[in-house]
>>> print(open('model_19.txt').read())   # compact mmCIF, C-alpha atoms and all ligand atoms
# COMPACT_ATOMS: atom_id res chain seq x y z
CA MET A 24 -18.75 -12.25 -12.34
CA SER A 25 -15.06 -12.11 -11.31
CA GLN A 26 -13.51 -8.78 -10.47
CA GLY A 27 -10.34 -7.74 -12.26
CA VAL A 28 -7.08 -7.07 -10.44
CA LEU A 29 -3.75 -5.70 -11.59
CA VAL A 30 -0.73 -7.40 -10.00
CA VAL A 31 2.52 -5.41 -9.66
CA GLY A 32 5.52 -7.71 -9.31
CA ALA A 33 3.65 -10.48 -11.12
CA SER A 34 6.78 -12.51 -11.95
CA GLY A 35 8.07 -12.59 -8.37
CA ARG A 36 7.70 -15.34 -5.79
CA MET A 37 4.52 -13.77 -4.37
CA GLY A 38 3.28 -12.42 -7.69
CA GLN A 39 3.26 -15.87 -9.28
CA ARG A 40 1.18 -17.28 -6.42
CA LEU A 41 -1.24 -14.33 -6.60
CA VAL A 42 -1.77 -14.99 -10.30
CA ALA A 43 -2.22 -18.73 -9.74
CA LEU A 44 -4.67 -18.39 -6.83
CA ALA A 45 -6.74 -15.42 -8.05
CA PRO A 46 -9.44 -17.47 -9.81
CA GLY A 47 -10.09 -19.46 -6.62
CA ALA A 48 -10.69 -16.15 -4.83
CA GLY A 49 -13.21 -15.01 -7.45
CA LEU A 50 -10.74 -12.59 -9.05
CA GLU A 51 -9.36 -12.36 -12.54
CA VAL A 52 -5.86 -11.00 -13.18
CA ALA A 53 -6.52 -8.36 -15.83
CA PHE A 54 -2.81 -7.44 -15.97
CA GLY A 55 0.42 -8.53 -14.41
CA VAL A 56 3.30 -6.07 -14.59
CA ASP A 57 6.94 -6.54 -13.68
CA ALA A 58 10.32 -4.85 -14.08
CA ASP A 59 11.01 -6.47 -17.46
CA GLY A 60 7.64 -5.34 -18.87
CA PRO A 61 4.91 -4.61 -19.35
CA ARG A 62 5.20 -1.79 -16.79
CA LEU A 63 2.54 0.30 -15.11
CA ALA A 64 3.33 3.30 -17.29
CA ASP A 65 2.51 1.20 -20.39
CA LEU A 66 -1.14 0.78 -19.36
CA ASP A 67 -3.78 3.20 -20.63
CA ALA A 68 -7.32 3.91 -19.46
CA ALA A 69 -8.82 1.25 -21.74
CA ASP A 70 -6.53 -1.39 -20.19
CA LEU A 71 -7.76 -0.39 -16.74
CA ALA A 72 -11.47 -0.56 -17.54
CA ASP A 73 -11.79 -3.97 -15.87
CA VAL A 74 -9.41 -3.34 -12.97
CA ALA A 75 -11.18 -3.06 -9.61
CA CYS A 76 -8.05 -3.21 -7.44
CA VAL A 77 -4.24 -3.09 -7.69
CA ILE A 78 -2.14 -5.57 -5.71
CA ASP A 79 1.54 -4.70 -5.21
CA PHE A 80 4.08 -7.28 -4.03
CA SER A 81 7.20 -5.92 -5.69
CA VAL A 82 10.12 -3.91 -4.30
CA GLN A 83 10.33 -0.82 -2.09
CA ALA A 84 11.55 1.30 -5.00
CA GLN A 85 8.36 0.54 -6.96
CA ALA A 86 5.82 0.86 -4.16
CA ARG A 87 5.65 4.68 -4.25
CA ALA A 88 5.12 4.68 -8.02
CA THR A 89 2.33 2.14 -7.60
CA ALA A 90 0.73 4.34 -4.94
CA ALA A 91 0.95 7.40 -7.21
CA PHE A 92 -0.59 5.36 -10.05
CA CYS A 93 -3.52 4.34 -7.83
CA ALA A 94 -3.99 7.84 -6.39
CA ALA A 95 -4.17 9.38 -9.86
CA ARG A 96 -6.78 6.82 -11.01
CA ARG A 97 -8.62 6.44 -7.69
CA LEU A 98 -8.02 2.70 -7.66
CA PRO A 99 -8.11 0.61 -4.45
CA LEU A 100 -4.71 -0.78 -3.44
CA VAL A 101 -3.58 -3.89 -1.59
CA LEU A 102 0.04 -3.34 -0.62
CA GLY A 103 2.23 -6.16 0.63
CA THR A 104 5.65 -4.78 -0.29
CA THR A 105 7.79 -4.15 2.79
CA GLY A 106 10.72 -1.90 3.66
CA LEU A 107 8.83 1.32 2.81
CA THR A 108 10.24 4.72 3.77
CA ALA A 109 8.25 7.53 5.43
CA ASP A 110 7.90 9.21 2.00
CA ASP A 111 6.57 5.96 0.52
CA GLN A 112 4.04 5.75 3.36
CA ALA A 113 2.94 9.33 2.67
CA ALA A 114 2.28 8.37 -0.96
CA VAL A 115 0.16 5.45 0.27
CA GLY A 116 -1.76 7.96 2.39
CA ASP A 117 -2.60 9.90 -0.78
CA VAL A 118 -4.31 6.80 -2.22
CA ALA A 119 -6.34 6.39 0.95
CA ALA A 120 -7.81 9.88 0.56
CA HIS A 121 -10.01 8.58 -2.26
CA SER A 122 -9.88 4.77 -2.22
CA PRO A 123 -9.59 1.90 0.25
CA VAL A 124 -6.00 0.78 0.89
CA VAL A 125 -5.24 -2.47 2.68
CA GLN A 126 -1.61 -2.58 3.79
CA ALA A 127 -0.10 -5.35 5.85
CA ALA A 128 3.43 -6.52 6.47
CA ASN A 129 1.91 -9.99 6.64
CA PHE A 130 -1.38 -10.98 5.05
CA SER A 131 -1.68 -14.33 6.82
CA VAL A 132 -4.61 -14.93 9.14
CA GLY A 133 -2.24 -16.38 11.76
CA VAL A 134 0.05 -13.34 11.98
CA THR A 135 -2.96 -11.02 11.97
CA ALA A 136 -4.15 -12.85 15.10
CA LEU A 137 -0.61 -12.93 16.55
CA LEU A 138 -0.45 -9.12 16.42
CA ASP A 139 -3.38 -8.94 18.85
CA LEU A 140 -2.04 -11.80 20.98
CA VAL A 141 1.39 -10.21 21.53
CA ALA A 142 -0.22 -6.91 22.52
CA GLU A 143 -2.31 -8.71 25.12
CA ALA A 144 0.70 -10.72 26.35
CA ALA A 145 2.81 -7.55 26.63
CA ARG A 146 0.14 -6.02 28.85
CA LEU A 147 -0.46 -9.09 31.01
CA LEU A 148 3.23 -9.98 31.36
CA SER A 149 4.32 -6.47 32.31
CA GLY A 150 7.42 -7.57 34.26
CA PHE A 151 8.68 -9.91 31.52
CA ASP A 152 11.44 -8.91 29.07
CA PRO A 153 10.27 -9.04 25.43
CA GLU A 154 12.59 -10.27 22.66
CA LEU A 155 11.78 -10.98 19.03
CA VAL A 156 13.46 -13.44 16.66
CA GLU A 157 12.55 -13.75 12.99
CA ALA A 158 13.87 -16.04 10.26
CA HIS A 159 13.52 -15.83 6.47
CA HIS A 160 14.99 -17.33 3.30
CA ARG A 161 18.37 -16.24 1.95
CA HIS A 162 16.84 -14.04 -0.78
CA LYS A 163 15.08 -11.59 1.54
CA VAL A 164 16.60 -8.13 1.11
CA ASP A 165 15.26 -6.20 4.12
CA ALA A 166 15.81 -6.84 7.83
CA PRO A 167 14.19 -7.03 10.24
CA SER A 168 11.11 -8.19 8.40
CA GLY A 169 8.10 -5.92 8.10
CA THR A 170 6.18 -8.45 10.19
CA ALA A 171 8.81 -8.32 12.94
CA LEU A 172 8.56 -4.54 13.00
CA ALA A 173 4.76 -4.70 13.13
CA LEU A 174 4.94 -7.15 16.06
CA ALA A 175 7.55 -4.97 17.78
CA GLU A 176 5.31 -1.91 17.33
CA ARG A 177 2.44 -3.74 19.01
CA VAL A 178 4.60 -4.82 21.97
CA ALA A 179 6.05 -1.33 22.36
CA ALA A 180 2.64 0.36 22.14
CA ALA A 181 1.19 -2.02 24.73
CA ARG A 182 4.02 -1.10 27.10
CA GLY A 183 3.76 2.64 26.37
CA TRP A 184 7.21 2.67 24.74
CA ALA A 185 8.40 4.42 21.57
CA LEU A 186 9.88 1.64 19.45
CA PRO A 187 12.89 3.59 18.08
CA GLU A 188 13.96 4.28 21.67
CA VAL A 189 13.74 0.69 22.92
CA ALA A 190 14.60 -1.43 19.85
CA ARG A 191 17.98 -3.23 20.04
CA HIS A 192 18.74 -4.71 16.63
CA GLY A 193 20.97 -7.67 17.40
CA ARG A 194 23.55 -7.32 20.14
CA HIS A 195 27.29 -7.33 19.78
CA GLY A 196 30.16 -6.48 22.06
CA LEU A 197 29.93 -4.83 25.45
CA VAL A 198 26.30 -3.83 25.26
CA GLY A 199 25.77 -3.67 29.02
CA ALA A 200 23.04 -5.28 31.06
CA ARG A 201 19.57 -5.35 29.62
CA ALA A 202 17.57 -2.18 30.29
CA GLY A 203 14.05 -2.41 31.67
CA ALA A 204 12.51 -0.81 28.59
CA GLU A 205 14.28 -2.76 25.87
CA LEU A 206 13.10 -4.89 22.95
CA GLY A 207 15.71 -7.02 21.22
CA ILE A 208 15.04 -7.77 17.54
CA HIS A 209 17.09 -10.44 15.78
CA ALA A 210 17.03 -11.47 12.11
CA VAL A 211 18.11 -14.93 10.92
CA ARG A 212 18.61 -15.39 7.15
CA GLY A 213 19.18 -18.55 5.18
CA GLY A 214 17.91 -21.45 3.14
CA SER A 215 14.30 -21.52 2.06
CA VAL A 216 12.60 -20.46 5.34
CA VAL A 217 9.24 -18.99 4.29
CA GLY A 218 8.91 -16.92 7.47
CA GLU A 219 9.11 -17.49 11.22
CA HIS A 220 8.36 -15.00 14.00
CA ARG A 221 8.87 -15.77 17.67
CA VAL A 222 8.04 -13.28 20.41
CA LEU A 223 9.54 -14.22 23.76
CA PHE A 224 8.46 -12.83 27.11
CA LEU A 225 11.24 -13.77 29.52
CA GLY A 226 10.36 -13.58 33.20
CA ASP A 227 12.00 -14.66 36.43
CA GLY A 228 11.69 -18.45 36.43
CA GLU A 229 9.19 -18.63 33.58
CA GLU A 230 8.94 -17.82 29.88
CA VAL A 231 6.06 -17.35 27.46
CA VAL A 232 6.75 -17.80 23.74
CA LEU A 233 4.29 -16.88 21.00
CA GLU A 234 5.27 -18.16 17.58
CA HIS A 235 4.01 -18.16 14.02
CA ARG A 236 5.52 -20.31 11.31
CA ALA A 237 4.58 -19.84 7.68
CA LEU A 238 4.88 -23.22 5.97
CA ASP A 239 3.78 -22.01 2.56
CA ARG A 240 3.70 -18.54 0.93
CA ASP A 241 0.20 -19.23 -0.33
CA ILE A 242 -1.11 -18.02 3.05
CA PHE A 243 0.04 -14.49 2.15
CA ALA A 244 -1.35 -14.69 -1.37
CA ARG A 245 -4.74 -15.96 -0.22
CA GLY A 246 -4.93 -13.22 2.41
CA ALA A 247 -3.96 -10.50 -0.09
CA LEU A 248 -6.56 -11.76 -2.59
CA ARG A 249 -9.20 -11.77 0.14
CA ALA A 250 -8.16 -8.19 0.96
CA ALA A 251 -8.42 -7.22 -2.73
CA ALA A 252 -11.98 -8.56 -3.00
CA TRP A 253 -12.79 -6.72 0.24
CA ALA A 254 -11.25 -3.42 -0.93
CA ALA A 255 -13.00 -3.66 -4.30
CA THR A 256 -16.42 -4.19 -2.73
CA PRO A 257 -18.63 -1.36 -4.00
CA GLY A 258 -19.30 1.20 -1.27
CA ARG A 259 -16.18 0.37 0.77
CA PRO A 260 -15.20 3.76 2.24
CA PRO A 261 -11.79 5.24 1.37
CA GLY A 262 -9.16 4.93 4.09
CA ARG A 263 -6.17 2.99 5.34
CA TYR A 264 -6.97 -0.50 6.54
CA GLY A 265 -5.05 -3.48 7.85
CA MET A 266 -5.69 -7.20 7.46
CA GLY A 267 -7.41 -7.15 10.86
CA ASP A 268 -10.12 -4.92 9.34
CA VAL A 269 -10.60 -7.41 6.51
CA LEU A 270 -11.02 -10.30 8.95
CA ARG A 271 -13.36 -8.40 11.29
CA THR A 272 -15.61 -6.65 8.74
CA PRO A 273 -17.68 -8.58 6.21
P1 LIG A 301 10.54 -11.24 -5.40
O1 LIG A 301 11.89 -10.61 -5.47
O2 LIG A 301 10.42 -12.69 -5.72
O3 LIG A 301 9.52 -10.47 -6.36
C1 LIG A 301 9.53 -9.07 -6.56
C2 LIG A 301 9.14 -8.81 -8.00
O4 LIG A 301 9.00 -7.41 -8.21
C3 LIG A 301 10.19 -9.33 -9.01
O5 LIG A 301 9.58 -10.13 -9.99
C4 LIG A 301 10.75 -8.03 -9.58
O6 LIG A 301 11.20 -8.16 -10.92
C5 LIG A 301 9.53 -7.13 -9.48
N1 LIG A 301 9.84 -5.73 -9.68
C6 LIG A 301 10.99 -5.07 -9.40
N2 LIG A 301 10.91 -3.80 -9.81
C7 LIG A 301 9.68 -3.66 -10.36
C8 LIG A 301 9.00 -2.58 -10.98
N3 LIG A 301 9.60 -1.37 -11.12
N4 LIG A 301 7.74 -2.76 -11.43
C9 LIG A 301 7.13 -3.97 -11.31
N5 LIG A 301 7.73 -5.05 -10.75
C10 LIG A 301 8.99 -4.87 -10.28
O7 LIG A 301 10.00 -10.92 -3.94
P2 LIG A 301 8.77 -11.59 -3.17
O8 LIG A 301 9.27 -12.65 -2.25
O9 LIG A 301 7.68 -11.93 -4.14
O10 LIG A 301 8.33 -10.38 -2.23
C11 LIG A 301 7.89 -9.15 -2.80
C12 LIG A 301 7.62 -8.14 -1.67
O11 LIG A 301 6.52 -8.62 -0.88
C13 LIG A 301 8.78 -7.95 -0.68
O12 LIG A 301 8.78 -6.60 -0.25
C14 LIG A 301 8.44 -8.87 0.47
O13 LIG A 301 9.01 -8.45 1.69
C15 LIG A 301 6.94 -8.69 0.48
N6 LIG A 301 6.18 -9.79 1.09
C16 LIG A 301 5.09 -9.42 1.81
C17 LIG A 301 4.27 -10.39 2.36
C18 LIG A 301 3.03 -9.95 3.08
O14 LIG A 301 2.23 -10.80 3.51
N7 LIG A 301 2.79 -8.64 3.21
C19 LIG A 301 4.57 -11.75 2.18
C20 LIG A 301 5.68 -12.10 1.43
C21 LIG A 301 6.48 -11.10 0.87
>>> encode(input="model_19.txt", output="structure tokens")
Amino acid sequence: MSQGVLVVGASGRMGQRLVALAPGAGLEVAFGVDADGPRLADLDAADLADVACVIDFSVQAQARATAAFCAARRLPLVLGTTGLTADDQAAVGDVAAHSPVVQAANFSVGVTALLDLVAEAARLLSGFDPELVEAHHRHKVDAPSGTALALAERVAAARGWALPEVARHGRHGLVGARAGAELGIHAVRGGSVVGEHRVLFLGDGEEVVLEHRALDRDIFARGALRAAAWAATPGRPPGRYGMGDVLRTP
């Protein structure tokens, strides 16, 4: 029997794909909510009887309310919305006290693997200068992308750096020569680019480039649906998980 999911942001670019692909992932969309209604607050306990997991791909301003909704009802959460503040993240932590939460800036299998690959490259290529370039469609509202920040965090951690201290968001003017511990992050916006992330390790006389290109947003939707089925599996312990946990654990 299919498990029921509640999709927040159901009318959006991602939400529409989640609704379309859910049946193929063995899930049934019990409810889809969006800004123009119905909204989360309109749902009562009877509506939620068949909901085994909430999936949120909406906007930063909604993510904390979704987390509070899940925490109050002890519902598992798959959270794809990016641009969250520290307070939003704390609210997500409250959900994880009682239910599984899978949060990823990028639910694709390829980027999940890339996160591990860049960490390994950052360690092996210790004398190389890392730089990160990402590109997205003209409608994206946050920059750099959540995926770029996640990749940057992995590079910084592998080097023993604190990201806020080494991140250089774009460069302009007399910025001076590149510091040893520095990680340039550059955001390109335009057209219909689904999502590109390139991590460059620039050495003396040689360069290594690791790149992921999303050709279709269905890769995110399929990953998020897989995460929802995983989070809703009876007996899954509460806690905060990433897409890597979903791929590694049956
Ligand atoms: P979108 O603008 O097309 O869709 C967002 C939807 O949320 C809209 O339909 C909007 O009306 C709705 N919304 C706004 N306020 C709401 C509210 N209060 N309650 C319910 N719904 C509300 O954006 P998108 O491209 O679908 O992306 C959505 C989010 O997912 C963004 O944060 C984006 O960065 C992120 N994203 C994550 C991944 C990933 O793999 N983690 C992939 C793609 C996009």
>>> atom_distance(input="model_19.txt", atom1="CA of Arg212 (chain A)", atom2="CA of Glu229 (chain A)")
28.2 Å
>>> closest_residue(input="model_19.txt", among="A:Ala254, A:Ala45, A:Ala145, A:Ile78", to="ligand LIG 301 (chain A)", atoms="all atoms listed in the file")
A:Ile78
>>> residues_near_ligand(input="model_19.txt", ligand="ligand LIG 301 (chain A)", cutoff="7 Å", atoms="all atoms listed in the file", output="compact mmCIF listing (two decimals) with C-alpha atoms, in the frame of the given file")
# COMPACT_ATOMS: atom_id res chain seq x y z
CA VAL A 31 2.52 -5.41 -9.66
CA GLY A 32 5.52 -7.71 -9.31
CA ALA A 33 3.65 -10.48 -11.12
CA SER A 34 6.78 -12.51 -11.95
CA GLY A 35 8.07 -12.59 -8.37
CA ARG A 36 7.70 -15.34 -5.79
CA MET A 37 4.52 -13.77 -4.37
CA GLY A 38 3.28 -12.42 -7.69
CA VAL A 56 3.30 -6.07 -14.59
CA ASP A 57 6.94 -6.54 -13.68
CA ALA A 58 10.32 -4.85 -14.08
CA ASP A 59 11.01 -6.47 -17.46
CA ARG A 62 5.20 -1.79 -16.79
CA PHE A 80 4.08 -7.28 -4.03
CA SER A 81 7.20 -5.92 -5.69
CA VAL A 82 10.12 -3.91 -4.30
CA GLN A 83 10.33 -0.82 -2.09
CA ALA A 84 11.55 1.30 -5.00
CA GLN A 85 8.36 0.54 -6.96
CA GLY A 103 2.23 -6.16 0.63
CA THR A 104 5.65 -4.78 -0.29
CA THR A 105 7.79 -4.15 2.79
CA GLY A 106 10.72 -1.90 3.66
CA ALA A 127 -0.10 -5.35 5.85
CA ALA A 128 3.43 -6.52 6.47
CA ASN A 129 1.91 -9.99 6.64
CA PHE A 130 -1.38 -10.98 5.05
CA SER A 131 -1.68 -14.33 6.82
CA LYS A 163 15.08 -11.59 1.54
CA GLY A 169 8.10 -5.92 8.10
CA ARG A 240 3.70 -18.54 0.93
CA PHE A 243 0.04 -14.49 2.15
>>> atom_distance(input="model_19.txt", atom1="CA of Pro187 (chain A)", atom2="CA of Ala173 (chain A)")
12.6 Å
>>> residues_around(input="model_19.txt", residues="Pro153 (chain A)", least_positions_apart="4", cutoff="6 Å", atoms="all atoms listed in the file", output="list in words")
Leu206, Leu223 and Phe224 of chain A
>>> write_last_selection(input="model_19.txt", atoms="C-alpha atoms", output="mmCIF file, in the frame of the given file")
data_model
loop_
_atom_site.group_PDB
_atom_site.id
_atom_site.type_symbol
_atom_site.label_atom_id
_atom_site.label_comp_id
_atom_site.auth_asym_id
_atom_site.auth_seq_id
_atom_site.Cartn_x
_atom_site.Cartn_y
_atom_site.Cartn_z
ATOM 1 C CA LEU A 206 13.100 -4.890 22.950
ATOM 2 C CA LEU A 223 9.540 -14.220 23.760
ATOM 3 C CA PHE A 224 8.460 -12.830 27.110
#
>>> atom_distance(input="model_19.txt", atom1="CA of Asp241 (chain A)", atom2="CA of Ala255 (chain A)")
20.8 Å
>>> closest_residue(input="model_19.txt", among="A:Arg201, A:Ala68, A:Ser149, A:Pro123", to="Thr256 (chain A)", atoms="only C-alpha atoms")
A:Pro123
>>> residues_around(input="model_19.txt", residues="Leu147 (chain A)", least_positions_apart="3", cutoff="12 Å", atoms="all atoms listed in the file", output="JSON list (two decimals) with C-alpha atoms, in the frame of the given file")
[["chain", "number", "residue", "atom", "x", "y", "z"],
["A", 140, "LEU", "CA", -2.04, -11.80, 20.98],
["A", 141, "VAL", "CA", 1.39, -10.21, 21.53],
["A", 142, "ALA", "CA", -0.22, -6.91, 22.52],
["A", 143, "GLU", "CA", -2.31, -8.71, 25.12],
["A", 144, "ALA", "CA", 0.70, -10.72, 26.35],
["A", 150, "GLY", "CA", 7.42, -7.57, 34.26],
["A", 151, "PHE", "CA", 8.68, -9.91, 31.52],
["A", 178, "VAL", "CA", 4.60, -4.82, 21.97],
["A", 181, "ALA", "CA", 1.19, -2.02, 24.73],
["A", 182, "ARG", "CA", 4.02, -1.10, 27.10],
["A", 224, "PHE", "CA", 8.46, -12.83, 27.11],
["A", 226, "GLY", "CA", 10.36, -13.58, 33.20],
["A", 231, "VAL", "CA", 6.06, -17.35, 27.46]]
>>> residues_near_point(input="model_19.txt", point="(3.8, 2.2, 5.0)", cutoff="12 Å", atoms="only C-alpha atoms", output="PyMOL selection string")
chain A and resi 83+86-87+90+101-119+124-128+169+172-173+263-265
>>> closest_residue(input="model_19.txt", among="A:Ala69, A:Val269, A:Leu248, A:Cys76", to="Ala48 (chain A)", atoms="only C-alpha atoms")
A:Leu248
>>> closest_residue(input="model_19.txt", among="A:Pro257, A:Phe54, A:Ala247, A:His121", to="Asp67 (chain A)", atoms="all atoms listed in the file")
A:Phe54
>>> residues_around(input="model_19.txt", residues="Arg271 (chain A)", least_positions_apart="3", cutoff="12 Å", atoms="only C-alpha atoms", output="PDB file with C-alpha atoms, in the coordinates of the input")
ATOM      1  CA  VAL A 132      -4.610 -14.930   9.140  1.00  0.00           C
ATOM      2  CA  THR A 135      -2.960 -11.020  11.970  1.00  0.00           C
ATOM      3  CA  ALA A 136      -4.150 -12.850  15.100  1.00  0.00           C
ATOM      4  CA  ALA A 250      -8.160  -8.190   0.960  1.00  0.00           C
ATOM      5  CA  TRP A 253     -12.790  -6.720   0.240  1.00  0.00           C
ATOM      6  CA  TYR A 264      -6.970  -0.500   6.540  1.00  0.00           C
ATOM      7  CA  GLY A 265      -5.050  -3.480   7.850  1.00  0.00           C
ATOM      8  CA  MET A 266      -5.690  -7.200   7.460  1.00  0.00           C
ATOM      9  CA  GLY A 267      -7.410  -7.150  10.860  1.00  0.00           C
ATOM     10  CA  ASP A 268     -10.120  -4.920   9.340  1.00  0.00           C
TER      11      ASP A 268
END
>>> closest_residue(input="model_19.txt", among="A:Val28, A:Ala244, A:Ala210, A:Leu186", to="Ser168 (chain A)", atoms="all atoms listed in the file")
A:Ala210
>>> residues_around(input="model_19.txt", residues="His209 (chain A)", least_positions_apart="4", cutoff="12 Å", atoms="only C-alpha atoms", output="ChimeraX atom specification")
/A:153-159,166-168,171-172,175,190-195,219-223
>>> decode(input="model_19.txt", residues="region 45-59 of chain A", atoms="N, CA, C and O atoms", output="PDB file, in the first residue's frame")
ATOM      1  N   ALA A  45       5.362  11.149  -7.418  1.00  0.00           N
ATOM      2  CA  ALA A  45       5.124  10.400  -6.174  1.00  0.00           C
ATOM      3  C   ALA A  45       4.630   8.969  -6.414  1.00  0.00           C
ATOM      4  O   ALA A  45       5.161   8.023  -5.813  1.00  0.00           O
ATOM      5  N   PRO A  46       3.639   8.767  -7.290  1.00  0.00           N
ATOM      6  CA  PRO A  46       3.140   7.396  -7.454  1.00  0.00           C
ATOM      7  C   PRO A  46       4.232   6.420  -7.885  1.00  0.00           C
ATOM      8  O   PRO A  46       4.275   5.276  -7.425  1.00  0.00           O
ATOM      9  N   GLY A  47       5.140   6.877  -8.731  1.00  0.00           N
ATOM     10  CA  GLY A  47       6.236   6.015  -9.190  1.00  0.00           C
ATOM     11  C   GLY A  47       7.190   5.653  -8.072  1.00  0.00           C
ATOM     12  O   GLY A  47       7.946   4.677  -8.181  1.00  0.00           O
ATOM     13  N   ALA A  48       7.171   6.438  -6.982  1.00  0.00           N
ATOM     14  CA  ALA A  48       8.032   6.165  -5.831  1.00  0.00           C
ATOM     15  C   ALA A  48       7.262   5.429  -4.737  1.00  0.00           C
ATOM     16  O   ALA A  48       7.742   5.297  -3.616  1.00  0.00           O
ATOM     17  N   GLY A  49       6.044   4.978  -5.068  1.00  0.00           N
ATOM     18  CA  GLY A  49       5.245   4.238  -4.085  1.00  0.00           C
ATOM     19  C   GLY A  49       4.617   5.139  -3.037  1.00  0.00           C
ATOM     20  O   GLY A  49       4.285   4.696  -1.942  1.00  0.00           O
ATOM     21  N   LEU A  50       4.453   6.417  -3.359  1.00  0.00           N
ATOM     22  CA  LEU A  50       3.872   7.372  -2.406  1.00  0.00           C
ATOM     23  C   LEU A  50       2.615   7.998  -3.002  1.00  0.00           C
ATOM     24  O   LEU A  50       2.499   8.142  -4.217  1.00  0.00           O
ATOM     25  N   GLU A  51       1.738   8.380  -2.103  1.00  0.00           N
ATOM     26  CA  GLU A  51       0.504   9.024  -2.557  1.00  0.00           C
ATOM     27  C   GLU A  51       0.456  10.415  -1.932  1.00  0.00           C
ATOM     28  O   GLU A  51       0.683  10.551  -0.716  1.00  0.00           O
ATOM     29  N   VAL A  52       0.215  11.439  -2.734  1.00  0.00           N
ATOM     30  CA  VAL A  52       0.148  12.794  -2.171  1.00  0.00           C
ATOM     31  C   VAL A  52      -1.225  12.975  -1.532  1.00  0.00           C
ATOM     32  O   VAL A  52      -2.239  13.138  -2.218  1.00  0.00           O
ATOM     33  N   ALA A  53      -1.248  12.914  -0.188  1.00  0.00           N
ATOM     34  CA  ALA A  53      -2.506  13.053   0.539  1.00  0.00           C
ATOM     35  C   ALA A  53      -2.982  14.496   0.472  1.00  0.00           C
ATOM     36  O   ALA A  53      -4.179  14.762   0.353  1.00  0.00           O
ATOM     37  N   PHE A  54      -2.028  15.441   0.555  1.00  0.00           N
ATOM     38  CA  PHE A  54      -2.356  16.870   0.460  1.00  0.00           C
ATOM     39  C   PHE A  54      -1.217  17.622  -0.172  1.00  0.00           C
ATOM     40  O   PHE A  54      -0.046  17.288   0.042  1.00  0.00           O
ATOM     41  N   GLY A  55      -1.572  18.642  -0.932  1.00  0.00           N
ATOM     42  CA  GLY A  55      -0.579  19.579  -1.434  1.00  0.00           C
ATOM     43  C   GLY A  55      -1.013  20.958  -0.966  1.00  0.00           C
ATOM     44  O   GLY A  55      -2.163  21.343  -1.186  1.00  0.00           O
ATOM     45  N   VAL A  56      -0.136  21.668  -0.270  1.00  0.00           N
ATOM     46  CA  VAL A  56      -0.500  23.003   0.185  1.00  0.00           C
ATOM     47  C   VAL A  56       0.420  24.030  -0.457  1.00  0.00           C
ATOM     48  O   VAL A  56       1.557  23.734  -0.808  1.00  0.00           O
ATOM     49  N   ASP A  57      -0.116  25.237  -0.615  1.00  0.00           N
ATOM     50  CA  ASP A  57       0.671  26.311  -1.218  1.00  0.00           C
ATOM     51  C   ASP A  57       0.171  27.647  -0.676  1.00  0.00           C
ATOM     52  O   ASP A  57      -0.814  27.681   0.077  1.00  0.00           O
ATOM     53  N   ALA A  58       0.845  28.717  -1.051  1.00  0.00           N
ATOM     54  CA  ALA A  58       0.547  30.032  -0.475  1.00  0.00           C
ATOM     55  C   ALA A  58      -0.892  30.457  -0.736  1.00  0.00           C
ATOM     56  O   ALA A  58      -1.525  31.094   0.105  1.00  0.00           O
ATOM     57  N   ASP A  59      -1.442  30.085  -1.909  1.00  0.00           N
ATOM     58  CA  ASP A  59      -2.792  30.536  -2.235  1.00  0.00           C
ATOM     59  C   ASP A  59      -3.845  29.514  -1.815  1.00  0.00           C
ATOM     60  O   ASP A  59      -4.955  29.512  -2.320  1.00  0.00           O
TER      61      ASP A  59
END
